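File shown here: structure-v8.pdb, holding PDB, C-alpha atoms.
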```pdb
ATOM      1  CA  VAL A   1      -1.172   4.535 -10.951
ATOM      2  CA  GLU A   2      -0.430   8.185 -11.688
ATOM      3  CA  ALA A   3       2.749  10.253 -11.387
ATOM      4  CA  ALA A   4       2.579  12.777  -8.534
ATOM      5  CA  GLY A   5       6.014  14.415  -8.637
ATOM      6  CA  THR A   6       9.614  13.307  -8.255
ATOM      7  CA  ASN A   7       9.638   9.786  -6.787
ATOM      8  CA  LYS A   8       5.927  10.157  -5.959
ATOM      9  CA  LEU A   9       2.934   8.194  -7.221
ATOM     10  CA  THR A  10      -0.783   8.102  -6.525
ATOM     11  CA  VAL A  11      -2.296   4.610  -6.593
ATOM     12  CA  THR A  12      -6.078   4.228  -6.644
ATOM     13  CA  GLY A  13      -7.757   0.911  -5.923
ATOM     14  CA  ASP A  14     -10.233  -0.963  -3.784
ATOM     15  CA  LEU A  15      -9.666  -2.086  -0.193
ATOM     16  CA  THR A  16     -11.789  -4.852   1.335
ATOM     17  CA  ILE A  17     -12.106  -5.269   5.093
ATOM     18  CA  LYS A  18     -14.756  -7.561   6.614
ATOM     19  CA  ASP A  19     -16.394  -8.091   3.199
ATOM     20  CA  ILE A  20     -16.866  -4.339   2.698
ATOM     21  CA  THR A  21     -15.055  -2.860  -0.302
ATOM     22  CA  LYS A  22     -14.315   0.851  -0.601
ATOM     23  CA  PRO A  23     -12.076   2.872  -2.937
ATOM     24  CA  VAL A  24      -8.798   4.113  -1.454
ATOM     25  CA  VAL A  25      -5.985   6.321  -2.700
ATOM     26  CA  LEU A  26      -2.421   5.536  -1.651
ATOM     27  CA  ASP A  27       0.246   8.232  -1.596
ATOM     28  CA  VAL A  28       3.403   6.411  -2.662
ATOM     29  CA  THR A  29       7.063   7.380  -2.303
ATOM     30  CA  VAL A  30       9.548   5.423  -4.392
ATOM     31  CA  ASN A  31      12.553   4.930  -2.110
ATOM     32  CA  GLY A  32      14.923   3.541  -4.708
ATOM     33  CA  ALA A  33      15.316   1.250  -7.676
ATOM     34  CA  GLY A  34      18.170  -0.832  -8.997
ATOM     35  CA  GLU A  35      19.593  -4.315  -9.079
ATOM     36  CA  HIS A  36      18.904  -6.400  -5.976
ATOM     37  CA  PRO A  37      22.337  -7.176  -4.478
ATOM     38  CA  MET A  38      21.635 -10.851  -3.803
ATOM     39  CA  ALA A  39      19.010 -11.840  -6.385
ATOM     40  CA  LYS A  40      20.673  -9.872  -9.231
ATOM     41  CA  VAL A  41      17.282  -8.845 -10.642
ATOM     42  CA  PRO A  42      15.649  -5.403 -10.929
ATOM     43  CA  ALA A  43      14.099  -4.249  -7.632
ATOM     44  CA  VAL A  44      12.224  -1.229  -6.317
ATOM     45  CA  GLY A  45      11.351  -0.186  -2.764
ATOM     46  CA  PHE A  46       8.506   2.066  -1.745
ATOM     47  CA  ASP A  47       6.333   3.362   1.083
ATOM     48  CA  ALA A  48       2.603   3.982   0.712
ATOM     49  CA  THR A  49       0.179   5.668   3.101
ATOM     50  CA  THR A  50      -3.517   6.374   3.330
ATOM     51  CA  THR A  51      -6.058   7.090   6.048
ATOM     52  CA  ILE A  52      -9.310   5.168   6.374
ATOM     53  CA  LYS A  53     -12.265   5.346   8.737
ATOM     54  CA  ARG A  54     -12.934   2.141  10.651
ATOM     55  CA  THR A  55     -16.680   2.753  10.562
ATOM     56  CA  ASP A  56     -16.626   2.739   6.735
ATOM     57  CA  PHE A  57     -15.632  -0.936   6.964
ATOM     58  CA  GLY A  58     -17.968  -2.025   9.755
ATOM     59  CA  VAL A  59     -15.277  -1.834  12.442
ATOM     60  CA  GLY A  60     -16.709   0.918  14.581
ATOM     61  CA  ALA A  61     -16.437  -0.570  18.059
ATOM     62  CA  TYR A  62     -15.660   1.979  20.766
ATOM     63  CA  VAL A  63     -15.879   5.036  18.491
ATOM     64  CA  PRO A  64     -15.445   7.848  19.571
ATOM     65  CA  ASN A  65     -13.386   6.588  22.523
ATOM     66  CA  VAL A  66     -11.059   4.853  20.057
ATOM     67  CA  SER A  67     -10.192   6.873  16.962
ATOM     68  CA  ASP A  68     -12.281   6.160  13.889
ATOM     69  CA  GLU A  69      -9.408   7.225  11.632
ATOM     70  CA  VAL A  70      -6.584   4.755  11.073
ATOM     71  CA  GLN A  71      -3.450   5.532   9.090
ATOM     72  CA  LEU A  72      -2.255   2.622   6.961
ATOM     73  CA  ARG A  73       1.426   2.437   6.050
ATOM     74  CA  ILE A  74       2.825  -0.100   3.607
ATOM     75  CA  THR A  75       6.572  -0.523   3.224
ATOM     76  CA  THR A  76       7.717  -3.066   0.672
ATOM     77  CA  GLU A  77      10.217  -4.108  -1.941
ATOM     78  CA  ALA A  78       9.299  -5.655  -5.270
ATOM     79  CA  THR A  79      11.634  -7.680  -7.448
ATOM     80  CA  GLN A  80      11.345  -8.938 -10.974
ATOM     81  CA  ALA A  81      10.994 -12.703 -11.294
ATOM     82  CA  PRO A  82      14.139 -14.444 -12.592
ATOM     83  CA  ALA A  83      14.108 -14.969 -16.376
ATOM     84  CA  GLU A  84      13.429 -18.724 -16.178
ATOM     85  CA  THR A  85      10.375 -18.133 -13.937
ATOM     86  CA  ALA A  86       9.054 -15.152 -15.895
ATOM     87  CA  ALA A  87       8.761 -17.170 -19.120
ATOM     88  CA  GLU A  88       6.490 -19.830 -17.552
TER
END
```
Kindly return the structure encoded in the file as C-alpha coordinates.
Amino acid sequence: VEAAGTNKLTVTGDLTIKDITKPVVLDVTVNGAGEHPMAKVPAVGFDATTTIKRTDFGVGAYVPNVSDEVQLRITTEATQAPAETAAE
(Lines of atoms letter the chains of each structure in order from A and count residues from 1; the text may use other names and numbers.)
(Lines give C-alpha, C1' and ligand atoms only; values in the text may rest on other atoms or scores of the structure.)
Protein backbone atom coordinates (compact mmCIF):
# COMPACT_ATOMS: atom_id res chain seq x y z
CA VAL A 1 0.00 0.00 0.00
CA GLU A 2 1.41 3.38 -1.00
CA ALA A 3 0.07 6.92 -0.60
CA ALA A 4 -1.01 8.45 -3.92
CA GLY A 5 -2.35 11.86 -2.89
CA THR A 6 -5.13 13.18 -0.68
CA ASN A 7 -7.47 10.29 0.17
CA LYS A 8 -5.77 8.19 -2.54
CA LEU A 9 -3.81 4.96 -2.25
CA THR A 10 -2.18 2.51 -4.63
CA VAL A 11 -2.50 -1.13 -3.57
CA THR A 12 -0.39 -3.76 -5.33
CA GLY A 13 -1.12 -7.46 -4.98
CA ASP A 14 -1.90 -10.69 -6.76
CA LEU A 15 -5.26 -11.63 -8.30
CA THR A 16 -6.12 -15.26 -9.02
CA ILE A 17 -8.83 -16.21 -11.51
CA LYS A 18 -9.21 -19.80 -12.74
CA ASP A 19 -5.95 -20.84 -11.03
CA ILE A 20 -3.97 -18.16 -12.88
CA THR A 21 -2.31 -15.55 -10.67
CA LYS A 22 -1.20 -12.17 -12.00
CA PRO A 23 -0.08 -8.95 -10.29
CA VAL A 24 -2.63 -6.12 -10.20
CA VAL A 25 -2.57 -2.53 -9.02
CA LEU A 26 -5.70 -1.05 -7.45
CA ASP A 27 -6.33 2.69 -7.48
CA VAL A 28 -8.04 3.34 -4.15
CA THR A 29 -10.10 6.32 -2.97
CA VAL A 30 -10.72 6.57 0.76
CA ASN A 31 -14.32 7.79 1.06
CA GLY A 32 -14.30 8.47 4.78
CA ALA A 33 -13.18 7.27 8.17
CA GLY A 34 -14.63 7.56 11.64
CA GLU A 35 -16.64 5.74 14.25
CA HIS A 36 -19.25 3.34 12.87
CA PRO A 37 -22.62 4.69 14.07
CA MET A 38 -24.01 1.32 15.15
CA ALA A 39 -20.95 -0.77 16.02
CA LYS A 40 -19.14 2.11 17.80
CA VAL A 41 -15.77 0.97 16.43
CA PRO A 42 -13.38 2.67 13.98
CA ALA A 43 -14.47 2.23 10.35
CA VAL A 44 -13.25 3.27 6.91
CA GLY A 45 -14.96 3.14 3.51
CA PHE A 46 -13.24 3.02 0.16
CA ASP A 47 -13.58 2.36 -3.56
CA ALA A 48 -10.91 0.58 -5.59
CA THR A 49 -10.63 0.12 -9.35
CA THR A 50 -8.39 -1.64 -11.82
CA THR A 51 -8.64 -2.97 -15.36
CA ILE A 52 -7.66 -6.51 -16.30
CA LYS A 53 -7.60 -8.47 -19.54
CA ARG A 54 -9.75 -11.59 -19.53
CA THR A 55 -7.28 -13.42 -21.76
CA ASP A 56 -4.53 -12.96 -19.14
CA PHE A 57 -6.59 -15.23 -16.87
CA GLY A 58 -7.65 -17.84 -19.42
CA VAL A 59 -11.11 -16.34 -19.91
CA GLY A 60 -10.85 -15.32 -23.53
CA ALA A 61 -14.08 -16.71 -24.97
CA TYR A 62 -15.60 -14.55 -27.70
CA VAL A 63 -12.72 -12.05 -27.86
CA PRO A 64 -12.75 -9.72 -29.82
CA ASN A 65 -16.56 -9.76 -30.07
CA VAL A 66 -16.74 -9.39 -26.29
CA SER A 67 -14.26 -6.93 -24.79
CA ASP A 68 -11.06 -8.43 -23.45
CA GLU A 69 -10.71 -5.57 -20.96
CA VAL A 70 -12.83 -5.68 -17.82
CA GLN A 71 -12.93 -2.91 -15.23
CA LEU A 72 -13.12 -4.19 -11.66
CA ARG A 73 -14.67 -1.96 -9.01
CA ILE A 74 -14.61 -2.79 -5.32
CA THR A 75 -16.66 -0.76 -2.87
CA THR A 76 -16.38 -1.74 0.77
CA GLU A 77 -16.30 -0.70 4.39
CA ALA A 78 -13.89 -2.10 6.95
CA THR A 79 -14.39 -1.98 10.70
CA GLN A 80 -12.10 -2.74 13.58
CA ALA A 81 -13.00 -5.84 15.56
CA PRO A 82 -14.51 -5.11 18.99
CA ALA A 83 -11.92 -5.10 21.80
CA GLU A 84 -13.01 -8.46 23.25
CA THR A 85 -12.66 -10.15 19.82
CA ALA A 86 -9.39 -8.43 18.91
CA ALA A 87 -7.59 -9.81 21.97
CA GLU A 88 -8.36 -13.46 21.09
**Message:** Would you compute the distance between CA of Ala61 in chain A and CA of Gly13 in chain A? Give it in Å to one decimal.
**Reply:** 25.5 Å
**Request:** Taking the file above as input, evaluate the PyMOL selection byres ((chain A and resi 36) around 12) and report the hits as a list in words.
**Result:**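 With the PyMOL selection byres ((chain A and resi 36) around 12) on this model, the match is Gly32, Ala33, Gly34, Glu35, Pro37, Met38, Ala39, Lys40, Val41, Pro42, Ala43, Val44, Gly45, Glu77, Ala78, Thr79, Gln80, Ala81 and Pro82 of chain A.
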**Message:** Could you tell me how far CA of Gly5 in chain A sits from CA of Ile52 in chain A, in Å to one decimal place?
**Reply:** 23.4 Å
**Request:** Mind giving me the straight-line distance from CA of Ala83 in chain A to CA of Asp47 in chain A in Å, one decimal?
**Result:**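 About the pair CA of Ala83 in chain A and CA of Asp47 in chain A: they are 26.5 Å apart.
Minimum atom-to-atom distance to Val28 in chain A, evaluated using only C-alpha atoms, belongs to A:Leu9 out of A:Leu15, A:Val59, A:Val66, A:Leu9.
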**Prompt:** A:Lys8, A:Val1, A:Lys18, A:Asn31: which is nearest Arg54 in chain A, counting all atoms listed in the file?
**Reply:** A:Lys18
**Residues in the PyMOL selection byres ((chain A and resi 10) around 7), expressed as JSON, numbers by chain** = {"A": [1, 2, 3, 4, 9, 11, 12, 25, 26, 27, 28]}
**Minimum-distance residue to Lys53 in chain A, chosen among A:Asn65, A:Val24, A:Val30, A:Asp19 (using all atoms listed in the file)** =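 Among A:Asn65, A:Val24, A:Val30, A:Asp19, it is A:Val24 that comes nearest to Lys53 in chain A.
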**Prompt:** Of the candidates A:Thr16, A:Thr76, A:Ser67, A:Asn7, which one gets nearest to Ala48 in chain A if we count all atoms listed in the file?
**Reply:**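 Closest to Ala48 in chain A, using all atoms listed in the file: A:Thr76.
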**Message:** From the options A:Thr75, A:Glu69, A:Pro23, A:Asp14, which residue's atoms come nearest to Phe46 in chain A, counting only C-alpha atoms?
**Reply:**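 Comparing A:Thr75, A:Glu69, A:Pro23, A:Asp14 against Phe46 in chain A, the winner is A:Thr75.
Using all atoms listed in the file, the nearest neighbour of Leu72 in chain A within the list A:Thr49, A:Ile17, A:Gly60, A:Thr55 is A:Thr49.
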